[in-house]
file run.json (JSON, C-alpha atoms)
[["chain", "number", "residue", "atom", "x", "y", "z"],
["A", 4, "MET", "CA", 0.00, 0.00, 0.00],
["A", 5, "PRO", "CA", 1.74, 3.21, -1.14],
["A", 6, "LEU", "CA", 1.82, 6.08, 1.30],
["A", 7, "SER", "CA", 2.43, 9.78, 1.00],
["A", 8, "PHE", "CA", 4.74, 11.25, 3.62],
["A", 9, "SER", "CA", 4.92, 14.67, 5.22],
["A", 10, "THR", "CA", 6.11, 16.36, 8.37],
["A", 11, "ALA", "CA", 3.29, 16.64, 10.89],
["A", 12, "THR", "CA", 1.79, 20.01, 11.71],
["A", 13, "ALA", "CA", -0.21, 21.19, 14.70],
["A", 14, "ALA", "CA", -3.36, 20.42, 12.70],
["A", 15, "ASP", "CA", -2.38, 16.71, 12.82],
["A", 16, "ALA", "CA", -2.05, 16.57, 16.63],
["A", 17, "ALA", "CA", -5.51, 15.18, 17.39],
["A", 18, "SER", "CA", -5.19, 12.47, 14.73],
["A", 19, "LEU", "CA", -1.71, 11.55, 15.99],
["A", 20, "ALA", "CA", -2.92, 11.32, 19.60],
["A", 21, "GLY", "CA", -5.75, 9.04, 18.44],
["A", 22, "LEU", "CA", -3.37, 6.88, 16.43],
["A", 23, "ARG", "CA", -0.88, 6.51, 19.29],
["A", 24, "SER", "CA", -3.63, 5.80, 21.83],
["A", 25, "SER", "CA", -5.37, 3.19, 19.65],
["A", 26, "THR", "CA", -2.03, 1.47, 19.08],
["A", 27, "ALA", "CA", -1.37, 1.40, 22.84],
["A", 28, "GLU", "CA", -4.86, 0.00, 23.46],
["A", 29, "ARG", "CA", -4.31, -2.74, 20.88],
["A", 30, "LEU", "CA", -0.95, -3.75, 22.38],
["A", 31, "THR", "CA", -2.59, -3.88, 25.81],
["A", 32, "GLU", "CA", -5.41, -6.08, 24.47],
["A", 33, "LEU", "CA", -2.88, -8.48, 22.94],
["A", 34, "HIS", "CA", -0.16, -8.51, 25.61],
["A", 35, "GLY", "CA", -1.61, -7.11, 28.83],
["A", 36, "ARG", "CA", -0.66, -3.91, 30.62],
["A", 37, "GLY", "CA", 2.90, -2.70, 30.29],
["A", 38, "HIS", "CA", 4.99, 0.35, 29.47],
["A", 39, "TRP", "CA", 3.37, 0.32, 26.02],
["A", 40, "SER", "CA", -0.12, 0.92, 27.51],
["A", 41, "SER", "CA", 0.00, 4.71, 27.89],
["A", 42, "SER", "CA", -2.50, 6.85, 26.01],
["A", 43, "VAL", "CA", -1.33, 10.12, 24.51],
["A", 44, "SER", "CA", -3.11, 13.46, 24.59],
["A", 45, "GLU", "CA", -3.23, 16.07, 21.86],
["A", 46, "ALA", "CA", -1.27, 18.39, 24.17],
["A", 47, "GLY", "CA", 1.37, 15.67, 24.61],
["A", 48, "VAL", "CA", 1.72, 15.32, 20.86],
["A", 49, "LEU", "CA", 2.12, 19.09, 20.46],
["A", 50, "ARG", "CA", 4.84, 19.14, 23.16],
["A", 51, "ALA", "CA", 6.68, 16.31, 21.41],
["A", 52, "MET", "CA", 6.51, 18.20, 18.11],
["A", 53, "GLU", "CA", 8.55, 21.00, 19.73],
["A", 54, "SER", "CA", 11.60, 18.75, 20.05],
["A", 55, "CYS", "CA", 11.06, 16.19, 17.28],
["A", 56, "ARG", "CA", 10.36, 16.03, 13.61],
["A", 57, "VAL", "CA", 7.25, 13.91, 13.34],
["A", 58, "LEU", "CA", 6.83, 12.06, 10.07],
["A", 59, "VAL", "CA", 3.34, 10.96, 9.08],
["A", 60, "GLY", "CA", 2.28, 8.43, 6.48],
["A", 61, "ARG", "CA", -1.09, 8.96, 4.83],
["A", 62, "THR", "CA", -3.27, 6.94, 2.58],
["A", 63, "ARG", "CA", -6.38, 8.51, 1.05],
["A", 64, "GLY", "CA", -5.68, 11.58, 3.18],
["A", 65, "ARG", "CA", -5.83, 9.69, 6.51],
["A", 66, "ILE", "CA", -2.86, 9.31, 8.83],
["A", 67, "VAL", "CA", -2.09, 5.60, 9.17],
["A", 68, "GLY", "CA", 1.47, 5.74, 10.50],
["A", 69, "MET", "CA", 3.80, 8.05, 12.36],
["A", 70, "LEU", "CA", 7.23, 8.22, 13.90],
["A", 71, "ALA", "CA", 9.34, 10.88, 15.55],
["A", 72, "LEU", "CA", 13.01, 11.65, 14.92],
["A", 73, "ALA", "CA", 15.03, 13.80, 17.29],
["A", 74, "THR", "CA", 18.61, 14.92, 17.71],
["A", 75, "LYS", "CA", 18.32, 14.77, 21.50],
["A", 76, "LYS", "CA", 19.03, 11.39, 23.06],
["A", 77, "PRO", "CA", 16.07, 9.82, 24.91],
["A", 78, "TRP", "CA", 16.47, 9.10, 28.61],
["A", 79, "ALA", "CA", 16.79, 5.32, 28.19],
["A", 80, "ILE", "CA", 19.58, 5.36, 25.58],
["A", 81, "ASP", "CA", 23.18, 4.73, 26.69],
["A", 82, "THR", "CA", 25.38, 5.80, 23.78],
["A", 83, "LYS", "CA", 28.27, 3.51, 24.75],
["A", 84, "TYR", "CA", 26.48, 0.66, 22.94],
["A", 85, "PHE", "CA", 26.33, 2.44, 19.58],
["A", 86, "THR", "CA", 28.72, 3.08, 16.71],
["A", 87, "PRO", "CA", 30.52, 6.40, 17.32],
["A", 88, "VAL", "CA", 29.23, 9.01, 14.86],
["A", 89, "GLU", "CA", 29.13, 12.79, 14.92],
["A", 90, "ARG", "CA", 25.43, 13.15, 14.11],
["A", 91, "ALA", "CA", 22.89, 10.57, 15.23],
["A", 92, "LEU", "CA", 19.11, 10.76, 15.24],
["A", 93, "TYR", "CA", 16.88, 8.97, 17.69],
["A", 94, "LEU", "CA", 13.69, 7.28, 16.56],
["A", 95, "HIS", "CA", 10.82, 7.03, 19.00],
["A", 96, "ASP", "CA", 7.03, 7.02, 19.20],
["A", 97, "MET", "CA", 6.51, 4.93, 16.07],
["A", 98, "ALA", "CA", 2.95, 3.71, 15.52],
["A", 99, "VAL", "CA", 0.86, 2.19, 12.75],
["A", 100, "ALA", "CA", -2.94, 2.18, 12.97],
["A", 101, "PRO", "CA", -3.98, -1.24, 14.30],
["A", 102, "ARG", "CA", -6.37, -1.89, 11.38],
["A", 103, "MET", "CA", -3.53, -1.14, 8.93],
["A", 104, "GLN", "CA", -0.79, -3.28, 10.46],
["A", 105, "LYS", "CA", 0.85, -6.15, 8.56],
["A", 106, "ARG", "CA", 0.60, -4.25, 5.25],
["A", 107, "GLY", "CA", 4.14, -2.88, 4.94],
["A", 108, "ILE", "CA", 3.34, 0.55, 6.36],
["A", 109, "GLY", "CA", 5.89, 0.30, 9.17],
["A", 110, "ARG", "CA", 8.63, -0.64, 6.72],
["A", 111, "GLN", "CA", 7.68, 2.26, 4.44],
["A", 112, "MET", "CA", 7.75, 4.60, 7.44],
["A", 113, "LEU", "CA", 11.28, 3.46, 8.33],
["A", 114, "GLU", "CA", 12.43, 3.87, 4.72],
["A", 115, "ALA", "CA", 11.05, 7.43, 4.67],
["A", 116, "ALA", "CA", 12.75, 8.11, 8.02],
["A", 117, "THR", "CA", 16.05, 6.92, 6.52],
["A", 118, "GLU", "CA", 15.66, 9.34, 3.62],
["A", 119, "MET", "CA", 14.82, 12.13, 6.05],
["A", 120, "ALA", "CA", 17.85, 11.28, 8.19],
["A", 121, "ARG", "CA", 20.22, 11.33, 5.22],
["A", 122, "ALA", "CA", 18.89, 14.77, 4.23],
["A", 123, "TRP", "CA", 19.12, 16.07, 7.83],
["A", 124, "PRO", "CA", 22.14, 15.08, 7.58],
["A", 125, "ALA", "CA", 22.67, 12.30, 10.08],
["A", 126, "GLN", "CA", 25.02, 9.34, 10.11],
["A", 127, "ALA", "CA", 22.89, 6.90, 12.12],
["A", 128, "ILE", "CA", 19.42, 6.27, 13.44],
["A", 129, "ARG", "CA", 19.24, 4.81, 16.95],
["A", 130, "LEU", "CA", 16.34, 3.46, 18.99],
["A", 131, "ASP", "CA", 15.31, 1.30, 21.88],
["A", 132, "ALA", "CA", 12.57, -1.32, 21.78],
["A", 133, "TYR", "CA", 10.91, -3.19, 24.62],
["A", 134, "ASP", "CA", 12.44, -6.61, 25.16],
["A", 135, "ALA", "CA", 8.97, -8.06, 25.73],
["A", 136, "VAL", "CA", 6.18, -9.68, 23.76],
["A", 137, "ALA", "CA", 4.83, -6.22, 22.89],
["A", 138, "GLY", "CA", 8.25, -5.06, 21.70],
["A", 139, "ALA", "CA", 9.03, -4.48, 18.04],
["A", 140, "GLY", "CA", 12.62, -5.70, 18.08],
["A", 141, "GLY", "CA", 12.13, -8.39, 15.47],
["A", 142, "PHE", "CA", 10.47, -5.86, 13.18],
["A", 143, "TYR", "CA", 13.45, -3.47, 13.38],
["A", 144, "ALA", "CA", 15.87, -6.34, 12.69],
["A", 145, "ARG", "CA", 13.87, -7.37, 9.60],
["A", 146, "CYS", "CA", 14.05, -3.75, 8.41],
["A", 147, "GLY", "CA", 17.85, -3.72, 8.49],
["A", 148, "TYR", "CA", 18.54, -2.33, 11.97],
["A", 149, "THR", "CA", 21.33, -4.00, 13.93],
["A", 150, "GLU", "CA", 20.94, -5.01, 17.55],
["A", 151, "VAL", "CA", 23.77, -3.39, 19.51],
["A", 152, "GLY", "CA", 22.87, -4.11, 23.11],
["A", 153, "ARG", "CA", 20.38, -5.22, 25.75],
["A", 154, "VAL", "CA", 19.90, -3.28, 28.95],
["A", 155, "THR", "CA", 17.52, -2.88, 31.83],
["A", 156, "TYR", "CA", 16.63, 0.72, 32.51],
["A", 157, "ARG", "CA", 14.41, 1.48, 35.53],
["A", 158, "LYS", "CA", 13.27, -2.15, 35.60],
["A", 159, "VAL", "CA", 12.37, -2.10, 31.88],
["A", 160, "ALA", "CA", 14.16, -4.56, 29.59],
["A", 161, "LEU", "CA", 15.22, -2.83, 26.37],
["A", 162, "ILE", "CA", 17.01, -3.76, 23.16],
["A", 163, "TYR", "CA", 19.08, -1.10, 21.41],
["A", 164, "TYR", "CA", 19.11, -0.98, 17.62],
["A", 165, "GLU", "CA", 20.86, 1.23, 15.10],
["A", 166, "LEU", "CA", 21.04, 1.81, 11.39],
["A", 167, "VAL", "CA", 24.33, 3.33, 10.27],
["A", 168, "LEU", "CA", 23.76, 5.45, 7.17]]
call {"tool": "encode", "arguments": {"input": "run.json", "output": "structure tokens"}}
result
Amino acid sequence: MPLSFSTATAADAASLAGLRSSTAERLTELHGRGHWSSSVSEAGVLRAMESCRVLVGRTRGRIVGMLALATKKPWAIDTKYFTPVERALYLHDMAVAPRMQKRGIGRQMLEAATEMARAWPAQAIRLDAYDAVAGAGGFYARCGYTEVGRVTYRKVALIYYELVL
């Protein structure tokens, strides 16, 4: 399913909050409560947009996928596990609408993020994924990201991945 991509604007905040919340609800239905269970408000999305570039994927004008890229390292990332580069981006808050999953949208979102990162310019994309049944680690590995470490941060098991550009 081909998508069109754009950088999110404030007008997209309500749709993005709905997308992120419905994804969290679906993960909770499938895997029980966990760190992935948090809903997101429109105000929370707008705050995140102040420090991130949020990429949205649309089909027929509707947002079906999103991810955020930032230059600032998230709290749970320990850079000692990653390839030393001058300019890295950090991927977080990725979501695909539950009814649209398993259709290649996530892969297309990551490919668009890679293009965005190269144009930024950045030399790597880094992320952490839950090391749990609700985690997306296997997905990132299938999309070409390399596992570089496993850690426990504040009692949460994480897997670090990177894509060197």
call {"tool": "closest_residue", "arguments": {"input": "run.json", "among": "A:Arg61, A:Arg153, A:Arg36, A:Arg121", "to": "Gly140 (chain A)", "atoms": "all atoms listed in the file"}}
result
A:Arg153
call {"tool": "atom_distance", "arguments": {"input": "run.json", "atom1": "CA of Ser25 (chain A)", "atom2": "CA of Ser40 (chain A)"}}
result
9.7 Å
call {"tool": "closest_residue", "arguments": {"input": "run.json", "among": "A:Ser7, A:Ala27, A:Leu168, A:Ala144", "to": "Glu118 (chain A)", "atoms": "all atoms listed in the file"}}
result
A:Leu168
call {"tool": "axis_aligned_box", "arguments": {"input": "run.json", "around": "region 59-65 of chain A", "padding_each_side": "4 Å", "output": "JSON"}}
result
{"center_x": -1.5, "center_y": 9.3, "center_z": 5.1, "size_x": 17.7, "size_y": 12.6, "size_z": 16.0}
call {"tool": "residues_around", "arguments": {"input": "run.json", "residues": "Leu49 (chain A)", "least_positions_apart": "5", "cutoff": "10 Å", "atoms": "only C-alpha atoms", "output": "list in words"}}
result
Ala11, Thr12, Ala13, Ala14, Asp15, Ala16, Ala17, Leu19, Ala20, Ser44, Ser54 and Cys55 of chain A
call {"tool": "residues_near_point", "arguments": {"input": "run.json", "point": "(-3.4, 3.2, 25.1)", "cutoff": "9 Å", "atoms": "all atoms listed in the file", "output": "list in words"}}
result
Arg23, Ser24, Ser25, Thr26, Ala27, Glu28, Arg29, Leu30, Thr31, Trp39, Ser40, Ser41, Ser42 and Val43 of chain A
call {"tool": "write_last_selection", "arguments": {"input": "run.json", "atoms": "C-alpha atoms", "output": "PDB file, in the frame of the given file"}}
result
ATOM      1  CA  ARG A  23      -0.880   6.510  19.290  1.00  0.00           C
ATOM      2  CA  SER A  24      -3.630   5.800  21.830  1.00  0.00           C
ATOM      3  CA  SER A  25      -5.370   3.190  19.650  1.00  0.00           C
ATOM      4  CA  THR A  26      -2.030   1.470  19.080  1.00  0.00           C
ATOM      5  CA  ALA A  27      -1.370   1.400  22.840  1.00  0.00           C
ATOM      6  CA  GLU A  28      -4.860   0.000  23.460  1.00  0.00           C
ATOM      7  CA  ARG A  29      -4.310  -2.740  20.880  1.00  0.00           C
ATOM      8  CA  LEU A  30      -0.950  -3.750  22.380  1.00  0.00           C
ATOM      9  CA  THR A  31      -2.590  -3.880  25.810  1.00  0.00           C
ATOM     10  CA  TRP A  39       3.370   0.320  26.020  1.00  0.00           C
ATOM     11  CA  SER A  40      -0.120   0.920  27.510  1.00  0.00           C
ATOM     12  CA  SER A  41       0.000   4.710  27.890  1.00  0.00           C
ATOM     13  CA  SER A  42      -2.500   6.850  26.010  1.00  0.00           C
ATOM     14  CA  VAL A  43      -1.330  10.120  24.510  1.00  0.00           C
TER      15      VAL A  43
END
call {"tool": "closest_residue", "arguments": {"input": "run.json", "among": "A:Asp81, A:Val88, A:Phe142, A:Lys105", "to": "Thr155 (chain A)", "atoms": "only C-alpha atoms"}}
result
A:Asp81
call {"tool": "closest_residue", "arguments": {"input": "run.json", "among": "A:Arg145, A:Gly138, A:Leu58, A:Val67", "to": "Pro101 (chain A)", "atoms": "all atoms listed in the file"}}
result
A:Val67
call {"tool": "closest_residue", "arguments": {"input": "run.json", "among": "A:Met4, A:Ser9, A:Ala71, A:Gly37", "to": "Ala135 (chain A)", "atoms": "all atoms listed in the file"}}
result
A:Gly37
call {"tool": "atom_distance", "arguments": {"input": "run.json", "atom1": "CA of Met103 (chain A)", "atom2": "CA of Thr74 (chain A)"}}
result
28.7 Å
call {"tool": "residues_around", "arguments": {"input": "run.json", "residues": "Pro5 (chain A)", "least_positions_apart": "4", "cutoff": "9 Å", "atoms": "only C-alpha atoms", "output": "list in words"}}
result
Arg61, Thr62, Gly107, Ile108 and Gln111 of chain A
call {"tool": "write_last_selection", "arguments": {"input": "run.json", "atoms": "C-alpha atoms", "output": "short mmCIF file (atom, residue, chain, number, x, y, z; two decimals), in the frame of the given file"}}
result
data_model
loop_
_atom_site.label_atom_id
_atom_site.label_comp_id
_atom_site.auth_asym_id
_atom_site.auth_seq_id
_atom_site.Cartn_x
_atom_site.Cartn_y
_atom_site.Cartn_z
CA ARG A 61 -1.09 8.96 4.83
CA THR A 62 -3.27 6.94 2.58
CA GLY A 107 4.14 -2.88 4.94
CA ILE A 108 3.34 0.55 6.36
CA GLN A 111 7.68 2.26 4.44
#
